[in-house]
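Colleague: First the structure, which I've put down as structure tokens, then a few questions once you've had a look.
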Amino acid sequence: MKKSILIALFLIISGIPVVAGLVYAFLYSLGIIGVLSKGMTFQYWNEILSSGFIMSLLYSLFIGIITIIISFFLAYFIYPLFKDRFGRGQLILFVPLSIPPMVWAFFHYLIFTGGGFISRLSYQLGLINVPGDFPVLVNDNLGSIVILTHVVMAFPFFVLYFIRVHNSEKIDSLITLAKNFGASNLEAGLKVRFPILFIKSKVLLILYLVFVAGSYEVPLLLGSQSPRMITVFILDKMQRFDLSDKPVAYGSAFLYALIVLIIVLFSLKKSVKADDGRI
């Protein structure tokens, strides 16, 4: 009973401000409230759907999906090297996690920009004629350095998570059992280790996808301005001097939050069903 009360209290304290903010943003986007309020209108929602919101959302999901795929497989192949190393062996994985995203963004900007460290080193080695010949990596349309920055922050986390799952699910024993039945190392990895790690981390992968897609500091400094990631798109609309863009920003924020909420609830529901099925 006490636990239920605490959970309800937590939901009230954390949920009411979020719901209130979403309702305010929705009403603002309809012109019902706000500085430009002149009565209910769908004009701003037409602008949302035609002003690049969908492109920014798809671009953000693209960056997030590529980041998750690279981070997952990188951690998958690296974590066996750390699973038997306790103490200092695994402590090094916490170093990238302790560095804020903005610091990583500035670091990669200084390394990969046209006038950065690698460009100047390439010039000194005679690989390029002038530093300006260095390929454009920062602020490119593919978001390559944005992806790299998030991968550097994500894969150590997945390595630590895979180590925990590996030990809790006794994957070593399962692989040994599979080999006793004639499975090769490759077959044991593909049919035992990979499915367990993937199933156990599905919800985590989706949540981290949402985190990457909704990041702000890294794409602001390293990302493309056309298309822009969704948070940069929304903040740009919000901070403009043109007040007519504010309802568009509020509506975009509401729609994005609604999409994220649906994704998270769907993934959690699938996770609960999977756990019930195993029980």
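For the structure tokens, the naming scheme is as follows: chains receive sequential letters (A, B, ...) according to their order of presentation, residues are indexed from 1 within each chain, and ligands are indexed from 1 in presentation order.
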Give one line per residue of stretch 207-273 of chain A that approaches stretch 137-145 of chain A to at most 10 Å, naming the two atoms of the closest pair and their distance in Å to one decimal, counting only C-alpha atoms; sort by chain then ascending residue number and deliver it as CSV.

Modeller:
```
residue,atom,partner,partner_atom,distance
A:Val218,CA,A:Ile145,CA,9.0
A:Pro219,CA,A:Gly143,CA,8.0
A:Leu220,CA,A:Asn139,CA,9.1
A:Leu221,CA,A:Asn139,CA,7.8
A:Leu222,CA,A:Asn139,CA,5.1
A:Gly223,CA,A:Asn139,CA,4.5
A:Ser224,CA,A:Asn139,CA,4.4
A:Gln225,CA,A:Asn139,CA,7.3
A:Ser226,CA,A:Asn141,CA,7.2
A:Pro227,CA,A:Asn141,CA,7.1
A:Arg228,CA,A:Asn141,CA,8.9
A:Met229,CA,A:Gly143,CA,9.6
```

Colleague: Please identify all polymer residues within 12 Å of A:Val212, counting only C-alpha atoms, omitting same-chain residues fewer than 6 positions from it, and present them as an NGL selection string.

Modeller: :A and (57 or 59-68 or 71 or 101 or 146-151 or 153-154 or 205-206 or 218-219 or 229-231 or 260)

Colleague: I want to know what sits within 12 Å of A:Leu121, based on only C-alpha atoms, with residues of the same chain fewer than 4 positions away left out; could you give that as a short mmCIF file (atom, residue, chain, number, x, y, z; two decimals) with N, CA, C and O atoms, in the first residue's frame?

Modeller:
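Saved to selection34.cif:
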```cif
data_model
loop_
_atom_site.label_atom_id
_atom_site.label_comp_id
_atom_site.auth_asym_id
_atom_site.auth_seq_id
_atom_site.Cartn_x
_atom_site.Cartn_y
_atom_site.Cartn_z
N ILE A 111 38.94 18.58 -33.69
CA ILE A 111 39.68 17.51 -34.36
C ILE A 111 39.33 17.43 -35.84
O ILE A 111 40.22 17.32 -36.70
N PHE A 112 38.06 17.51 -36.20
CA PHE A 112 37.60 17.16 -37.54
C PHE A 112 37.20 18.35 -38.41
O PHE A 112 36.89 18.15 -39.59
N GLY A 114 37.54 21.80 -40.75
CA GLY A 114 38.48 22.06 -41.84
C GLY A 114 39.81 22.66 -41.37
O GLY A 114 40.84 22.48 -42.02
N GLY A 115 39.80 23.41 -40.28
CA GLY A 115 41.03 23.97 -39.74
C GLY A 115 41.48 23.26 -38.48
O GLY A 115 42.25 23.82 -37.69
N GLY A 116 40.99 22.04 -38.27
CA GLY A 116 41.27 21.30 -37.05
C GLY A 116 42.57 20.51 -37.09
O GLY A 116 43.38 20.62 -38.03
N PHE A 117 42.74 19.67 -36.08
CA PHE A 117 44.00 18.95 -35.87
C PHE A 117 44.31 18.02 -37.04
O PHE A 117 45.43 18.03 -37.57
N LEU A 125 51.82 16.57 -43.45
CA LEU A 125 52.31 15.32 -44.03
C LEU A 125 52.27 15.33 -45.55
O LEU A 125 52.69 14.37 -46.19
N GLY A 126 51.74 16.41 -46.13
CA GLY A 126 51.68 16.53 -47.58
C GLY A 126 50.53 15.78 -48.22
O GLY A 126 50.50 15.59 -49.43
N LEU A 127 49.55 15.36 -47.41
CA LEU A 127 48.41 14.62 -47.96
C LEU A 127 47.44 15.55 -48.67
O LEU A 127 46.69 15.11 -49.55
N ILE A 128 47.40 16.83 -48.27
CA ILE A 128 46.57 17.83 -48.94
C ILE A 128 47.43 19.07 -49.18
O ILE A 128 48.43 19.29 -48.50
N ASN A 129 47.03 19.86 -50.18
CA ASN A 129 47.81 21.05 -50.53
C ASN A 129 47.59 22.19 -49.55
O ASN A 129 48.54 22.91 -49.19
N VAL A 130 46.36 22.40 -49.15
CA VAL A 130 46.02 23.43 -48.17
C VAL A 130 45.01 22.83 -47.20
O VAL A 130 44.30 21.87 -47.54
N PRO A 131 44.94 23.36 -45.96
CA PRO A 131 43.97 22.80 -45.01
C PRO A 131 42.54 22.82 -45.53
O PRO A 131 41.73 21.98 -45.15
N PHE A 134 40.76 19.65 -47.00
CA PHE A 134 40.29 18.56 -46.13
C PHE A 134 38.79 18.37 -46.34
O PHE A 134 38.04 19.35 -46.42
#
```

Colleague: How many Å separate atom CA of A:Ala75 from atom CA of A:Ile118?

Modeller: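 Spanning atom CA of A:Ala75 to atom CA of A:Ile118 is a straight-line distance of 25.9 Å.
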
Colleague: To one decimal place, how far is atom CA of A:Lys83 from atom CA of A:Phe157 in Å?

Modeller: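 A separation of 13.2 Å between them.
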
Colleague: What's the separation between atom CA of A:Val23 and atom CA of A:Thr41, in Å to one decimal place?

Modeller: 15.8 Å

Colleague: Can you work out which one of A:Ile78, A:Pro247, A:Ile196, A:Gln124 has the shortest atom-to-atom distance to A:Leu36, counting only C-alpha atoms?

Modeller: A:Pro247

Colleague: Restricting the calculation to only C-alpha atoms: of A:Leu209, A:Leu243, A:Ala249, A:Ile69, which residue gets closest to A:Ile263?

Modeller: A:Leu209

Colleague: Calculated over only C-alpha atoms, which of the candidates A:Leu235, A:Leu160, A:Leu91, A:Leu177 has the smallest distance to A:Leu197?

Modeller: A:Leu160

Colleague: As a list in words, please: the residues near A:Lys191 (cut-off 10 Å, only C-alpha atoms, same-chain neighbours under 6 positions excluded).

Modeller: Ile175, Ala178 and Ala183 of chain A

Colleague: Mind listing the alpha helix (DSSP H) residues of stretch 18-91 of chain A, per DSSP on the backbone, as a ChimeraX atom specification?

Modeller: /A:18-29,43-50,53-78,88-91

Colleague: Looking at A:Val248, A:Leu27, A:Leu261, A:Ala188, which one is nearest to A:Tyr44, with distances taken over only C-alpha atoms?

Modeller: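 Counting only C-alpha atoms, the residue closest to A:Tyr44 is A:Val248.
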
Colleague: What lies within 12 Å of A:Lys237 using only C-alpha atoms, ignoring chain neighbours under 2 positions off, as a VMD selection string?

Modeller: chain A and resid 47 to 48 51 to 53 228 230 to 235 239 to 253

Colleague: Please produce an output containing N, CA and C atoms for each residue in the selection, written as a CSV table (one decimal), in the first residue's frame.

Modeller:
```
chain,number,residue,atom,x,y,z
A,47,GLU,N,1.5,25.2,-41.2
A,47,GLU,CA,2.9,25.6,-41.3
A,47,GLU,C,3.8,24.6,-40.7
A,48,ILE,N,3.4,23.9,-39.6
A,48,ILE,CA,4.3,22.9,-39.0
A,48,ILE,C,4.6,21.7,-40.1
A,51,SER,N,6.8,23.2,-43.0
A,51,SER,CA,8.0,24.0,-42.7
A,51,SER,C,9.2,23.2,-42.4
A,52,GLY,N,9.2,21.9,-42.7
A,52,GLY,CA,10.4,21.1,-42.5
A,52,GLY,C,10.4,20.2,-41.3
A,53,PHE,N,9.2,20.2,-40.5
A,53,PHE,CA,9.2,19.4,-39.3
A,53,PHE,C,9.4,17.9,-39.6
A,228,ARG,N,17.9,20.0,-40.5
A,228,ARG,CA,18.3,20.1,-39.1
A,228,ARG,C,17.7,19.0,-38.2
A,230,ILE,N,15.6,17.6,-35.0
A,230,ILE,CA,14.3,18.1,-34.6
A,230,ILE,C,14.4,19.1,-33.5
A,231,THR,N,15.3,18.9,-32.5
A,231,THR,CA,15.4,19.9,-31.4
A,231,THR,C,16.0,21.2,-31.9
A,232,VAL,N,17.0,21.2,-32.8
A,232,VAL,CA,17.5,22.4,-33.3
A,232,VAL,C,16.5,23.1,-34.1
A,233,PHE,N,15.6,22.4,-34.9
A,233,PHE,CA,14.5,23.0,-35.6
A,233,PHE,C,13.5,23.7,-34.7
A,234,ILE,N,13.2,23.0,-33.6
A,234,ILE,CA,12.2,23.6,-32.7
A,234,ILE,C,12.7,24.8,-32.0
A,235,LEU,N,14.0,24.7,-31.5
A,235,LEU,CA,14.6,25.9,-30.8
A,235,LEU,C,14.8,27.0,-31.7
A,239,GLN,N,13.2,30.7,-30.8
A,239,GLN,CA,14.1,31.8,-30.5
A,239,GLN,C,14.1,32.9,-31.5
A,240,ARG,N,13.3,32.8,-32.6
A,240,ARG,CA,13.3,33.8,-33.6
A,240,ARG,C,12.6,35.1,-33.1
A,241,PHE,N,12.9,36.2,-33.7
A,241,PHE,CA,12.2,37.4,-33.3
A,241,PHE,C,10.8,37.5,-33.9
A,242,ASP,N,10.5,36.7,-34.9
A,242,ASP,CA,9.2,36.7,-35.5
A,242,ASP,C,8.2,35.9,-34.5
A,243,LEU,N,7.3,36.6,-33.9
A,243,LEU,CA,6.4,36.0,-33.0
A,243,LEU,C,5.5,35.0,-33.6
A,244,SER,N,5.3,35.1,-34.9
A,244,SER,CA,4.4,34.1,-35.6
A,244,SER,C,5.0,32.8,-35.7
A,245,ASP,N,6.3,32.6,-35.4
A,245,ASP,CA,7.0,31.3,-35.4
A,245,ASP,C,6.8,30.6,-34.1
A,246,LYS,N,6.4,31.3,-33.0
A,246,LYS,CA,6.3,30.7,-31.7
A,246,LYS,C,5.2,29.6,-31.7
A,247,PRO,N,4.0,29.9,-32.2
A,247,PRO,CA,3.0,28.8,-32.3
A,247,PRO,C,3.4,27.6,-33.0
A,248,VAL,N,4.2,27.8,-34.1
A,248,VAL,CA,4.8,26.7,-34.9
A,248,VAL,C,5.8,25.9,-34.0
A,249,ALA,N,6.6,26.6,-33.2
A,249,ALA,CA,7.5,25.9,-32.3
A,249,ALA,C,6.8,25.1,-31.3
A,250,TYR,N,5.8,25.7,-30.7
A,250,TYR,CA,5.0,25.0,-29.6
A,250,TYR,C,4.3,23.8,-30.2
A,251,GLY,N,3.7,24.0,-31.4
A,251,GLY,CA,3.0,22.8,-32.0
A,251,GLY,C,4.0,21.7,-32.4
A,252,SER,N,5.2,22.1,-32.9
A,252,SER,CA,6.2,21.1,-33.2
A,252,SER,C,6.7,20.4,-32.0
A,253,ALA,N,6.9,21.1,-30.9
A,253,ALA,CA,7.3,20.5,-29.6
A,253,ALA,C,6.3,19.5,-29.1
```

Colleague: With only C-alpha atoms as the counted atoms, please give the residues lying no more than 10 Å from stretch 161-166 of chain A, apart from itself and same-chain residues fewer than 6 positions off, as a PDB file with N, CA and C atoms, in the first residue's frame.

Modeller:
```
ATOM      1  N   PHE A  72      25.633  -0.636 -31.029  1.00  0.00           N
ATOM      2  CA  PHE A  72      25.273  -1.991 -30.606  1.00  0.00           C
ATOM      3  C   PHE A  72      26.315  -3.003 -31.074  1.00  0.00           C
ATOM      4  N   ALA A  75      29.776  -2.507 -29.435  1.00  0.00           N
ATOM      5  CA  ALA A  75      29.776  -3.037 -28.068  1.00  0.00           C
ATOM      6  C   ALA A  75      29.704  -4.562 -28.067  1.00  0.00           C
ATOM      7  N   TYR A  76      28.954  -5.119 -29.026  1.00  0.00           N
ATOM      8  CA  TYR A  76      28.800  -6.572 -29.103  1.00  0.00           C
ATOM      9  C   TYR A  76      30.146  -7.264 -29.329  1.00  0.00           C
ATOM     10  N   ILE A  78      33.146  -5.849 -28.708  1.00  0.00           N
ATOM     11  CA  ILE A  78      34.175  -5.405 -27.777  1.00  0.00           C
ATOM     12  C   ILE A  78      33.965  -5.949 -26.361  1.00  0.00           C
ATOM     13  N   TYR A  79      32.699  -6.125 -25.951  1.00  0.00           N
ATOM     14  CA  TYR A  79      32.453  -6.450 -24.541  1.00  0.00           C
ATOM     15  C   TYR A  79      33.105  -7.754 -24.078  1.00  0.00           C
ATOM     16  N   PRO A  80      33.300  -8.796 -24.954  1.00  0.00           N
ATOM     17  CA  PRO A  80      33.997  -9.992 -24.459  1.00  0.00           C
ATOM     18  C   PRO A  80      35.411  -9.707 -23.959  1.00  0.00           C
ATOM     19  N   LEU A  81      36.027  -8.637 -24.450  1.00  0.00           N
ATOM     20  CA  LEU A  81      37.371  -8.289 -24.001  1.00  0.00           C
ATOM     21  C   LEU A  81      37.383  -7.737 -22.585  1.00  0.00           C
ATOM     22  N   PHE A  82      36.227  -7.245 -22.103  1.00  0.00           N
ATOM     23  CA  PHE A  82      36.162  -6.605 -20.794  1.00  0.00           C
ATOM     24  C   PHE A  82      35.380  -7.418 -19.761  1.00  0.00           C
ATOM     25  N   LYS A  83      34.652  -8.445 -20.195  1.00  0.00           N
ATOM     26  CA  LYS A  83      33.738  -9.112 -19.265  1.00  0.00           C
ATOM     27  C   LYS A  83      34.456  -9.835 -18.134  1.00  0.00           C
ATOM     28  N   ASP A  84      35.707 -10.217 -18.329  1.00  0.00           N
ATOM     29  CA  ASP A  84      36.456 -10.903 -17.283  1.00  0.00           C
ATOM     30  C   ASP A  84      37.459  -9.989 -16.583  1.00  0.00           C
ATOM     31  N   GLN A  90      37.389  -2.509 -16.246  1.00  0.00           N
ATOM     32  CA  GLN A  90      36.099  -1.964 -16.659  1.00  0.00           C
ATOM     33  C   GLN A  90      35.949  -0.492 -16.291  1.00  0.00           C
ATOM     34  N   PHE A 155      28.608   3.552 -26.918  1.00  0.00           N
ATOM     35  CA  PHE A 155      29.060   2.164 -26.921  1.00  0.00           C
ATOM     36  C   PHE A 155      29.694   1.717 -25.596  1.00  0.00           C
ATOM     37  N   ASP A 172      27.858 -17.809 -20.929  1.00  0.00           N
ATOM     38  CA  ASP A 172      28.990 -18.725 -21.101  1.00  0.00           C
ATOM     39  C   ASP A 172      28.533 -20.182 -20.982  1.00  0.00           C
ATOM     40  N   ARG A 193      24.318 -16.083 -28.111  1.00  0.00           N
ATOM     41  CA  ARG A 193      24.745 -14.810 -27.520  1.00  0.00           C
ATOM     42  C   ARG A 193      24.014 -13.610 -28.118  1.00  0.00           C
ATOM     43  N   ILE A 196      20.103 -13.267 -27.199  1.00  0.00           N
ATOM     44  CA  ILE A 196      19.877 -12.902 -25.794  1.00  0.00           C
ATOM     45  C   ILE A 196      20.192 -11.431 -25.566  1.00  0.00           C
ATOM     46  N   LEU A 197      21.341 -10.979 -26.057  1.00  0.00           N
ATOM     47  CA  LEU A 197      21.724  -9.581 -25.850  1.00  0.00           C
ATOM     48  C   LEU A 197      20.761  -8.633 -26.559  1.00  0.00           C
ATOM     49  N   PHE A 198      20.326  -9.010 -27.750  1.00  0.00           N
ATOM     50  CA  PHE A 198      19.422  -8.136 -28.502  1.00  0.00           C
ATOM     51  C   PHE A 198      18.062  -8.034 -27.817  1.00  0.00           C
ATOM     52  N   LYS A 200      17.287  -8.618 -24.684  1.00  0.00           N
ATOM     53  CA  LYS A 200      17.404  -7.960 -23.392  1.00  0.00           C
ATOM     54  C   LYS A 200      17.609  -6.451 -23.519  1.00  0.00           C
ATOM     55  N   SER A 201      18.124  -6.002 -24.648  1.00  0.00           N
ATOM     56  CA  SER A 201      18.449  -4.576 -24.794  1.00  0.00           C
ATOM     57  C   SER A 201      17.503  -3.841 -25.736  1.00  0.00           C
ATOM     58  N   LEU A 204      16.043  -0.697 -24.187  1.00  0.00           N
ATOM     59  CA  LEU A 204      17.143   0.247 -23.981  1.00  0.00           C
ATOM     60  C   LEU A 204      17.567   0.885 -25.298  1.00  0.00           C
TER      61      LEU A 204
END
```
